[in-house]
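*Asks:* What follows is entry.tsv, made up of TSV, C-alpha atoms (C1' of nucleotides):
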```
chain	number	residue	atom	x	y	z
A	706	MET	CA	0.00	0.00	0.00
A	707	ALA	CA	2.99	2.23	-0.40
A	708	ARG	CA	1.72	3.91	-3.52
A	709	MET	CA	-1.88	4.99	-3.49
A	710	PRO	CA	-3.52	7.84	-5.32
A	711	VAL	CA	-5.27	10.40	-3.21
A	712	HIS	CA	-8.89	10.11	-4.21
A	713	PRO	CA	-10.75	13.34	-4.76
A	714	THR	CA	-13.62	13.89	-2.39
A	715	PRO	CA	-17.02	13.94	-4.15
A	716	ALA	CA	-18.94	17.12	-3.56
A	717	ALA	CA	-16.94	18.68	-0.81
A	718	ALA	CA	-17.86	21.14	1.87
A	719	SER	CA	-15.17	23.19	0.21
A	720	ASP	CA	-17.25	26.32	-0.17
A	721	THR	CA	-15.35	27.59	2.83
A	722	TYR	CA	-12.32	27.90	0.63
A	723	ALA	CA	-14.02	29.05	-2.55
A	724	GLY	CA	-12.44	32.48	-2.15
A	725	LEU	CA	-9.00	31.00	-1.76
A	726	ARG	CA	-9.35	28.95	-4.92
A	727	ARG	CA	-10.81	31.83	-6.88
A	728	ASP	CA	-8.10	34.30	-5.88
A	729	VAL	CA	-5.20	31.92	-6.42
A	730	THR	CA	-6.40	30.72	-9.81
A	731	ALA	CA	-7.16	34.25	-10.95
A	732	TRP	CA	-3.66	35.28	-9.93
A	733	PHE	CA	-2.21	32.29	-11.78
A	734	ASP	CA	-3.98	33.15	-15.03
A	735	ASP	CA	-1.95	36.33	-15.06
A	736	ALA	CA	1.28	35.32	-13.35
A	737	ALA	CA	2.04	31.80	-14.61
A	738	ARG	CA	5.66	31.31	-15.59
A	739	ASP	CA	6.29	30.52	-19.23
A	740	LEU	CA	7.78	27.07	-18.76
A	741	PRO	CA	8.44	24.86	-21.80
A	742	TRP	CA	6.56	21.85	-20.43
A	743	ARG	CA	3.49	24.10	-20.19
A	744	ALA	CA	3.61	25.18	-23.83
A	745	ALA	CA	0.55	24.64	-26.01
A	746	ASP	CA	2.41	22.02	-28.05
A	747	ARG	CA	3.41	20.01	-24.97
A	748	THR	CA	3.08	16.24	-24.98
A	749	PRO	CA	2.13	13.95	-22.10
A	750	TRP	CA	5.57	12.39	-22.32
A	751	GLY	CA	7.21	15.79	-22.08
A	752	VAL	CA	5.16	16.56	-19.00
A	753	LEU	CA	6.10	13.23	-17.44
A	754	VAL	CA	9.78	13.81	-18.16
A	755	SER	CA	9.58	17.26	-16.57
A	756	GLU	CA	7.90	15.92	-13.45
A	757	VAL	CA	10.57	13.27	-12.93
A	758	MET	CA	13.35	15.78	-13.47
A	759	LEU	CA	11.67	18.16	-11.04
A	760	GLN	CA	11.63	15.61	-8.23
A	761	GLN	CA	13.89	17.45	-5.79
A	762	THR	CA	15.58	19.54	-8.46
A	763	PRO	CA	14.72	23.25	-8.93
A	764	VAL	CA	13.02	24.52	-12.09
A	765	VAL	CA	15.91	26.74	-13.15
A	766	ARG	CA	18.26	23.78	-13.30
A	767	VAL	CA	15.80	21.46	-15.00
A	768	GLU	CA	14.73	23.73	-17.84
A	769	PRO	CA	17.86	23.58	-20.05
A	770	ARG	CA	18.33	19.84	-19.45
A	771	TRP	CA	14.68	19.20	-20.29
A	772	ARG	CA	14.95	21.10	-23.57
A	773	ALA	CA	17.99	19.18	-24.72
A	774	TRP	CA	16.48	15.90	-23.54
A	775	MET	CA	13.20	16.34	-25.38
A	776	GLU	CA	14.94	17.39	-28.54
A	777	ARG	CA	17.03	14.26	-28.45
A	778	TRP	CA	14.37	11.80	-27.26
A	779	PRO	CA	10.94	13.25	-28.07
A	780	THR	CA	8.95	10.05	-27.40
A	781	PRO	CA	9.00	7.13	-24.97
A	782	ALA	CA	10.14	4.87	-27.81
A	783	ASP	CA	13.13	7.13	-28.45
A	784	LEU	CA	14.26	7.01	-24.84
A	785	ALA	CA	13.56	3.30	-24.58
A	786	ALA	CA	15.95	2.66	-27.46
A	787	ALA	CA	18.72	4.93	-26.19
A	788	SER	CA	22.00	3.86	-24.66
A	789	THR	CA	21.82	4.10	-20.88
A	790	ALA	CA	25.26	5.70	-20.85
A	791	ASP	CA	23.93	8.47	-23.08
A	792	VAL	CA	20.89	8.84	-20.83
A	793	LEU	CA	23.05	9.24	-17.74
A	794	ARG	CA	25.28	11.78	-19.47
A	795	ALA	CA	22.28	13.77	-20.65
A	796	TRP	CA	20.92	13.71	-17.10
A	797	ASP	CA	24.14	15.54	-16.30
A	798	ARG	CA	24.16	16.97	-12.77
A	799	LEU	CA	20.45	17.01	-12.07
A	800	GLY	CA	21.18	14.76	-9.12
A	801	TYR	CA	19.78	11.42	-7.95
A	802	PRO	CA	20.80	9.65	-11.17
A	803	ARG	CA	18.67	6.66	-10.28
A	804	ARG	CA	15.82	8.86	-11.47
A	805	ALA	CA	17.35	8.82	-14.95
A	806	LEU	CA	17.52	5.06	-14.84
A	807	ARG	CA	13.90	4.83	-13.74
A	808	LEU	CA	12.84	7.29	-16.40
A	809	GLN	CA	14.29	5.05	-19.07
A	810	GLU	CA	12.61	2.05	-17.42
A	811	CYS	CA	9.43	4.09	-17.44
A	812	ALA	CA	9.81	4.75	-21.17
A	813	ARG	CA	10.26	1.04	-21.79
A	814	ALA	CA	7.22	0.24	-19.68
A	815	VAL	CA	5.15	2.76	-21.62
A	816	VAL	CA	6.26	1.12	-24.87
A	817	GLU	CA	5.63	-2.42	-23.65
A	818	ARG	CA	2.47	-1.95	-21.63
A	819	HIS	CA	0.81	0.92	-23.46
A	820	GLY	CA	2.06	0.77	-27.03
A	821	GLY	CA	4.26	3.80	-26.56
A	822	VAL	CA	1.40	6.04	-25.45
A	823	VAL	CA	1.52	7.60	-21.98
A	824	PRO	CA	-1.54	6.34	-20.10
A	825	SER	CA	-4.01	8.91	-18.81
A	826	SER	CA	-5.31	6.98	-15.82
A	827	GLU	CA	-3.79	7.72	-12.46
A	828	ALA	CA	-3.55	4.04	-11.53
A	829	GLU	CA	-1.65	3.13	-14.68
A	830	LEU	CA	0.66	6.09	-14.25
A	831	LEU	CA	1.31	5.12	-10.66
A	832	ALA	CA	2.37	1.66	-11.78
A	833	LEU	CA	5.21	3.09	-13.89
A	834	PRO	CA	8.80	3.13	-12.57
A	835	GLY	CA	9.76	6.38	-10.90
A	836	VAL	CA	6.17	7.59	-10.75
A	837	GLY	CA	4.80	8.07	-7.24
A	838	THR	CA	1.71	9.68	-5.79
A	839	TYR	CA	2.65	13.21	-6.68
A	840	THR	CA	3.92	12.57	-10.21
A	841	ALA	CA	0.91	10.45	-11.20
A	842	ALA	CA	-1.48	13.15	-10.02
A	843	ALA	CA	0.56	15.87	-11.71
A	844	VAL	CA	0.56	14.10	-15.08
A	845	VAL	CA	-3.18	13.55	-14.87
A	846	ALA	CA	-3.68	17.27	-14.29
A	847	PHE	CA	-0.98	18.88	-16.42
A	848	ALA	CA	-0.79	16.47	-19.34
A	849	PHE	CA	-4.43	15.45	-19.62
A	850	GLY	CA	-6.33	18.20	-17.85
A	851	GLY	CA	-7.89	15.62	-15.57
A	852	ARG	CA	-9.07	15.84	-11.99
A	853	SER	CA	-6.56	14.74	-9.38
A	854	VAL	CA	-5.24	15.78	-6.01
A	855	VAL	CA	-1.81	17.29	-6.58
A	856	VAL	CA	0.12	17.72	-3.36
A	857	ASP	CA	3.75	18.69	-3.61
A	858	THR	CA	6.00	20.64	-1.28
A	859	ASN	CA	4.62	23.92	-2.63
A	860	VAL	CA	0.99	23.03	-2.14
A	861	ARG	CA	1.73	21.71	1.34
A	862	ARG	CA	3.34	24.98	2.33
A	863	VAL	CA	0.57	27.10	0.83
A	864	LEU	CA	-2.10	25.16	2.73
A	865	ALA	CA	-0.05	25.15	5.92
A	866	ARG	CA	0.08	28.91	5.84
A	867	THR	CA	-3.24	29.99	4.40
A	868	VAL	CA	-5.37	27.40	6.16
A	869	ALA	CA	-3.48	25.91	9.11
A	870	GLY	CA	-1.70	29.13	10.03
A	871	THR	CA	1.74	27.59	10.44
A	872	ALA	CA	4.99	28.67	8.86
A	873	LEU	CA	5.70	25.26	7.36
A	874	PRO	CA	3.94	21.91	7.04
A	875	PRO	CA	5.09	18.97	9.18
A	876	PRO	CA	7.99	16.90	7.76
A	877	SER	CA	5.62	14.26	6.37
A	878	PRO	CA	1.97	14.72	5.40
A	879	ARG	CA	-0.71	13.49	7.79
A	880	ALA	CA	-4.07	12.06	6.74
A	881	ALA	CA	-5.88	15.24	7.73
A	882	GLU	CA	-3.62	17.30	5.52
A	883	LEU	CA	-4.31	15.11	2.50
A	884	ARG	CA	-8.03	15.24	3.24
A	885	LEU	CA	-7.89	19.00	3.32
A	886	ALA	CA	-6.03	19.09	0.01
A	887	ALA	CA	-8.60	16.75	-1.53
A	888	SER	CA	-11.48	18.84	-0.27
A	889	LEU	CA	-10.11	21.91	-2.01
A	890	VAL	CA	-10.07	20.36	-5.48
A	891	PRO	CA	-12.84	21.75	-7.70
A	892	ASP	CA	-15.39	19.25	-8.96
A	893	ASP	CA	-14.79	19.86	-12.63
A	894	ALA	CA	-11.66	18.54	-14.33
A	895	THR	CA	-10.65	21.82	-15.90
A	896	GLY	CA	-11.00	23.70	-12.66
A	897	ALA	CA	-9.15	20.97	-10.78
A	898	ALA	CA	-6.21	21.05	-13.16
A	899	ARG	CA	-6.05	24.81	-12.97
A	900	TRP	CA	-6.15	24.77	-9.19
A	901	ALA	CA	-3.33	22.25	-9.12
A	902	ALA	CA	-1.10	24.41	-11.28
A	903	ALA	CA	-2.08	27.61	-9.51
A	904	SER	CA	-1.56	26.39	-5.95
A	905	MET	CA	1.82	24.95	-6.85
A	906	GLU	CA	2.84	28.12	-8.63
A	907	LEU	CA	1.91	30.29	-5.68
A	908	GLY	CA	4.14	28.22	-3.43
A	909	ALA	CA	6.98	28.26	-5.93
A	910	VAL	CA	6.92	31.97	-6.73
A	911	VAL	CA	5.26	33.86	-3.86
A	912	CYS	CA	4.64	31.67	-0.84
A	913	THR	CA	8.24	30.48	-0.75
A	914	ALA	CA	9.88	28.62	2.10
A	915	ARG	CA	12.16	31.48	3.11
A	916	ALA	CA	11.43	35.16	2.52
A	917	PRO	CA	7.85	34.75	1.23
A	918	ARG	CA	6.60	37.68	-0.84
A	919	CYS	CA	3.45	38.32	1.11
A	920	ASP	CA	3.28	41.86	-0.26
A	921	VAL	CA	2.28	40.52	-3.68
A	922	CYS	CA	0.27	37.51	-2.48
A	923	PRO	CA	-3.29	37.30	-3.83
A	924	VAL	CA	-4.58	35.77	-0.58
A	925	ARG	CA	-2.60	37.74	1.99
A	926	ALA	CA	-5.77	39.22	3.48
A	927	ALA	CA	-7.17	35.80	4.31
A	928	CYS	CA	-3.93	33.98	5.15
A	929	ALA	CA	-4.19	32.35	8.57
A	930	TRP	CA	-0.44	32.43	9.11
A	931	ARG	CA	-0.21	36.11	8.36
A	932	LEU	CA	-3.26	36.90	10.47
A	933	ALA	CA	-1.53	35.08	13.34
A	934	GLY	CA	1.47	37.37	12.99
A	935	SER	CA	3.61	35.06	10.84
A	936	PRO	CA	4.92	32.96	13.74
A	937	PRO	CA	8.15	30.99	13.15
A	938	ASP	CA	8.21	27.30	12.31
A	939	GLU	CA	7.19	25.15	15.25
A	940	HIS	CA	9.03	21.97	14.30
A	941	GLY	CA	12.27	23.63	13.30
A	942	ALA	CA	14.25	21.63	15.82
A	943	ARG	CA	13.55	18.35	14.02
A	944	ARG	CA	14.27	19.78	10.63
A	945	ARG	CA	17.89	18.89	10.22
A	946	THR	CA	19.49	19.12	6.84
A	947	GLN	CA	21.08	16.01	5.43
A	948	ALA	CA	24.83	16.03	5.85
A	949	TRP	CA	26.86	16.19	2.69
A	950	GLU	CA	30.62	16.33	3.27
A	951	GLY	CA	32.01	12.85	3.52
A	952	THR	CA	28.75	11.06	2.85
A	953	ASP	CA	28.26	8.13	0.53
A	954	ARG	CA	26.17	10.40	-1.64
A	955	GLN	CA	29.10	12.70	-2.17
A	956	VAL	CA	31.38	9.79	-3.02
A	957	ARG	CA	28.85	8.25	-5.37
A	958	GLY	CA	28.43	11.63	-6.99
A	959	ARG	CA	32.14	11.91	-7.62
A	960	VAL	CA	32.34	8.48	-9.17
A	961	MET	CA	29.39	9.22	-11.43
A	962	ALA	CA	30.88	12.56	-12.43
A	963	LEU	CA	34.11	10.82	-13.37
A	964	LEU	CA	32.34	8.22	-15.50
A	965	ARG	CA	30.03	10.78	-17.11
A	966	GLY	CA	33.02	12.80	-18.18
A	967	ALA	CA	34.79	9.85	-19.74
A	968	ASP	CA	34.06	8.67	-23.27
A	969	GLY	CA	34.64	5.03	-22.48
A	970	PRO	CA	35.88	2.72	-19.74
A	971	VAL	CA	37.77	4.20	-16.80
A	972	HIS	CA	40.57	2.32	-15.11
A	973	GLN	CA	40.16	1.67	-11.41
A	974	ALA	CA	43.28	3.69	-10.70
A	975	LEU	CA	41.39	6.81	-11.71
A	976	VAL	CA	38.39	5.82	-9.64
A	977	GLU	CA	40.66	5.45	-6.63
A	978	GLU	CA	41.64	9.08	-6.98
A	979	VAL	CA	38.17	10.45	-6.41
A	980	TRP	CA	38.06	9.40	-2.74
A	981	PRO	CA	40.91	8.44	-0.39
A	982	ASP	CA	38.97	6.19	2.00
A	983	ALA	CA	39.18	2.82	0.28
A	984	ALA	CA	36.51	1.12	2.33
A	985	GLN	CA	33.95	3.85	1.73
A	986	ARG	CA	34.89	4.20	-1.91
A	987	GLU	CA	34.51	0.48	-2.57
A	988	ARG	CA	31.22	0.39	-0.75
A	989	CYS	CA	29.93	3.22	-2.89
A	990	VAL	CA	31.13	1.75	-6.16
A	991	ALA	CA	29.50	-1.53	-5.19
A	992	SER	CA	26.24	0.25	-4.48
A	993	LEU	CA	26.41	2.02	-7.84
A	994	VAL	CA	26.90	-1.33	-9.55
A	995	GLU	CA	24.03	-2.74	-7.52
A	996	ASP	CA	21.83	0.17	-8.62
A	997	GLY	CA	22.67	-0.43	-12.27
A	998	LEU	CA	24.39	2.93	-12.63
A	999	VAL	CA	27.87	1.48	-13.15
A	1000	GLU	CA	29.27	-1.65	-14.74
A	1001	GLN	CA	32.52	-3.30	-13.76
A	1002	ASP	CA	34.62	-5.23	-16.25
A	1003	GLY	CA	37.86	-6.47	-14.76
A	1004	GLU	CA	39.92	-3.44	-13.87
A	1005	VAL	CA	37.73	-0.91	-15.64
A	1006	TYR	CA	34.44	0.74	-14.87
A	1007	ARG	CA	31.94	2.28	-17.26
A	1008	LEU	CA	28.39	3.55	-17.57
A	1009	PRO	CA	25.91	0.86	-18.67
A	1010	ALA	CA	25.59	0.46	-22.42
B	380	DA	C1'	8.08	6.13	10.23
B	381	DA	C1'	12.74	6.67	8.91
B	382	DA	C1'	16.68	6.34	5.85
B	383	DT	C1'	18.65	6.75	1.47
B	384	DC	C1'	19.58	9.03	-2.71
B	385	DG	C1'	22.85	14.62	-5.82
B	386	DG	C1'	23.89	18.85	-6.51
B	387	DG	C1'	23.62	23.76	-6.41
B	388	DG	C1'	22.14	28.35	-5.40
B	389	DG	C1'	20.05	31.91	-2.28
B	390	DC	C1'	20.62	33.94	1.84
C	1347	DG	C1'	27.33	27.36	6.46
C	1348	DC	C1'	22.52	26.28	6.41
C	1349	DC	C1'	18.32	25.26	4.02
C	1350	DC	C1'	15.52	24.00	0.35
C	1351	DC	C1'	14.30	22.26	-4.08
C	1352	DA	C1'	7.09	20.11	-8.61
C	1353	DG	C1'	9.73	12.96	-4.43
C	1354	DA	C1'	10.30	7.93	-4.92
C	1355	DT	C1'	11.71	3.75	-3.02
C	1356	DT	C1'	13.27	0.70	0.35
C	1357	DT	C1'	13.67	-0.90	5.01
```
Here is the file; what I need is its structure written in the form of structure tokens.

*Replies:*
Amino acid sequence: MARMPVHPTPAAASDTYAGLRRDVTAWFDDAARDLPWRAADRTPWGVLVSEVMLQQTPVVRVEPRWRAWMERWPTPADLAAASTADVLRAWDRLGYPRRALRLQECARAVVERHGGVVPSSEAELLALPGVGTYTAAAVVAFAFGGRSVVVDTNVRRVLARTVAGTALPPPSPRAAELRLAASLVPDDATGAARWAAASMELGAVVCTARAPRCDVCPVRAACAWRLAGSPPDEHGARRRTQAWEGTDRQVRGRVMALLRGADGPVHQALVEEVWPDAAQRERCVASLVEDGLVEQDGEVYRLPA
DNA sequence: AAATCGGGGGC
DNA sequence: GCCCCAGATTT
């Protein structure tokens, strides 16, 4: 039961928040960023690719990679047929390269299960590699204009502030939070898709995590957090950033960067230079091989063919 | 529920 | 230096 769509509530008692939805969507109609995966000629596959790239990677870093990617592999069939080494190099430094691997697996699944056509049902999307609750709902809304409950970090923050009156949402969503999000979704598909885009956009552009721009916020007058005096985050103590220096993630990143930059196989002597601690380095290389991100062939390492 | 998984830019 | 970024998957 790890991956379940959030089902929209039928006819909700959401009239309470009708003003919120109206003001945010009206603002969005005027303020929406001109992002390439929102263009009129967008494809469902392009939307899906953007959503996977945007999992934990900011828009400004995704945009140029997405453009190059879609030009090179416009359809699921194109990506399915590509060399994995090329895919990992094109992923470049977007981070979490297992996402690139899953995206190619996703392309192959779309080809095999759906004849190369991205499915429009949330359940079928959810069954694809690398597609979780958020991404499935987002593709339903943004690629197909369907009704779904889209809850990402932006939406969570917007609802935490405007409705709950807190600076930030709790580290992980609770059932009540998801119920609230579901209750806010308009009944009609078009309205639902617009609300999804608008609420996310507000969090991304105005209702940001640090230094929110309340002065230009369309719902500042009704925002519970602001009306409460914009109190600081209550669970700040638990919010500890993941360490970076000296972690396996840093070591794995260095190994991947080395292999991405090489045209072909890399001798182990060069791999040994990226990290001095042999035990940690070997553990990380082994995990990369285990993940399918690296192949070992005797004394050389390379990206998968 | 908690841990793991990259990398960079704003402050 | 710290924090966050259109999360997913595994344990």

*Asks:* Quick one, how far is atom CA of A:Ser992 from atom CA of A:Ser755?

*Replies:*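 Rounded to one decimal, the two atoms are 26.7 Å apart.
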
*Asks:* Please provide as an MDAnalysis selection string all residues within 9 Å of stretch 828-844 of chain A, with the sequence filter that same-chain residues fewer than 6 positions apart are discarded (counting all atoms listed in the file).

*Replies:* (chainID A and resid 708:711 749:750 752:753 756:757 760 803:812 814:815 850:857 898 901:902) or (chainID C and resid 1352:1355)

*Asks:* Enter the distance from atom CA of A:Leu864 to atom CA of A:Gly934, in Å, rounded to one decimal.

*Replies:*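 Value for the atom CA of A:Leu864-atom CA of A:Gly934 distance: 16.3 Å.
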
*Asks:* Neighbours of C:DG1347 within 12 Å (all atoms listed in the file; same-chain residues fewer than 3 positions away dropped), as a list in words?

*Replies:* Thr946, Ala948, Trp949 and Glu950 of chain A; DC390 of chain B

*Asks:* Between atom CA of A:Val911 and atom C1' of C:DC1349, what is the distance, to one decimal in Å?

*Replies:*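 That distance, rounded to one decimal, is 17.5 Å.
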
*Asks:* Report as a list of chain:residue names the set of chain A residues whose atoms approach chain B to within 7 Å, with distances computed over all atoms listed in the file.

*Replies:*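 Residues passing the distance filter: A:Arg798, A:Leu799, A:Gly800, A:Tyr801, A:Arg954, A:Gly958.
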
*Asks:* So for stretch 973-977 of chain A, what box centre and size do we get, axis-aligned, 4 Å extra on each of the six sides, every listed atom, Å to one decimal, as lines of an AutoDock Vina configuration file?

*Replies:*
```
center_x = 40.8
center_y = 4.2
center_z = -9.2
size_x = 12.9
size_y = 13.1
size_z = 13.1
```

*Asks:* I'd like to know which of A:Arg813, A:His940, A:Arg957, A:Arg866 is closest to A:Ala927, using all atoms listed in the file.

*Replies:*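 Using all atoms listed in the file, A:Ala927 sits closest to A:Arg866.
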
*Asks:* For A:Phe733, which residue among A:Trp771, A:Phe849, A:Trp778, A:Trp900 is the nearest when counting only C-alpha atoms?

*Replies:*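 Once distances to A:Phe733 are computed over only C-alpha atoms, the minimum belongs to A:Trp900.
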
*Asks:* Which residue gives the smallest distance to chain C among A:Ala887, A:Ala737, A:Ala848, A:Ala914, with all atoms listed in the file counted?

*Replies:*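 Among the listed residues, the smallest separation from chain C belongs to A:Ala914.
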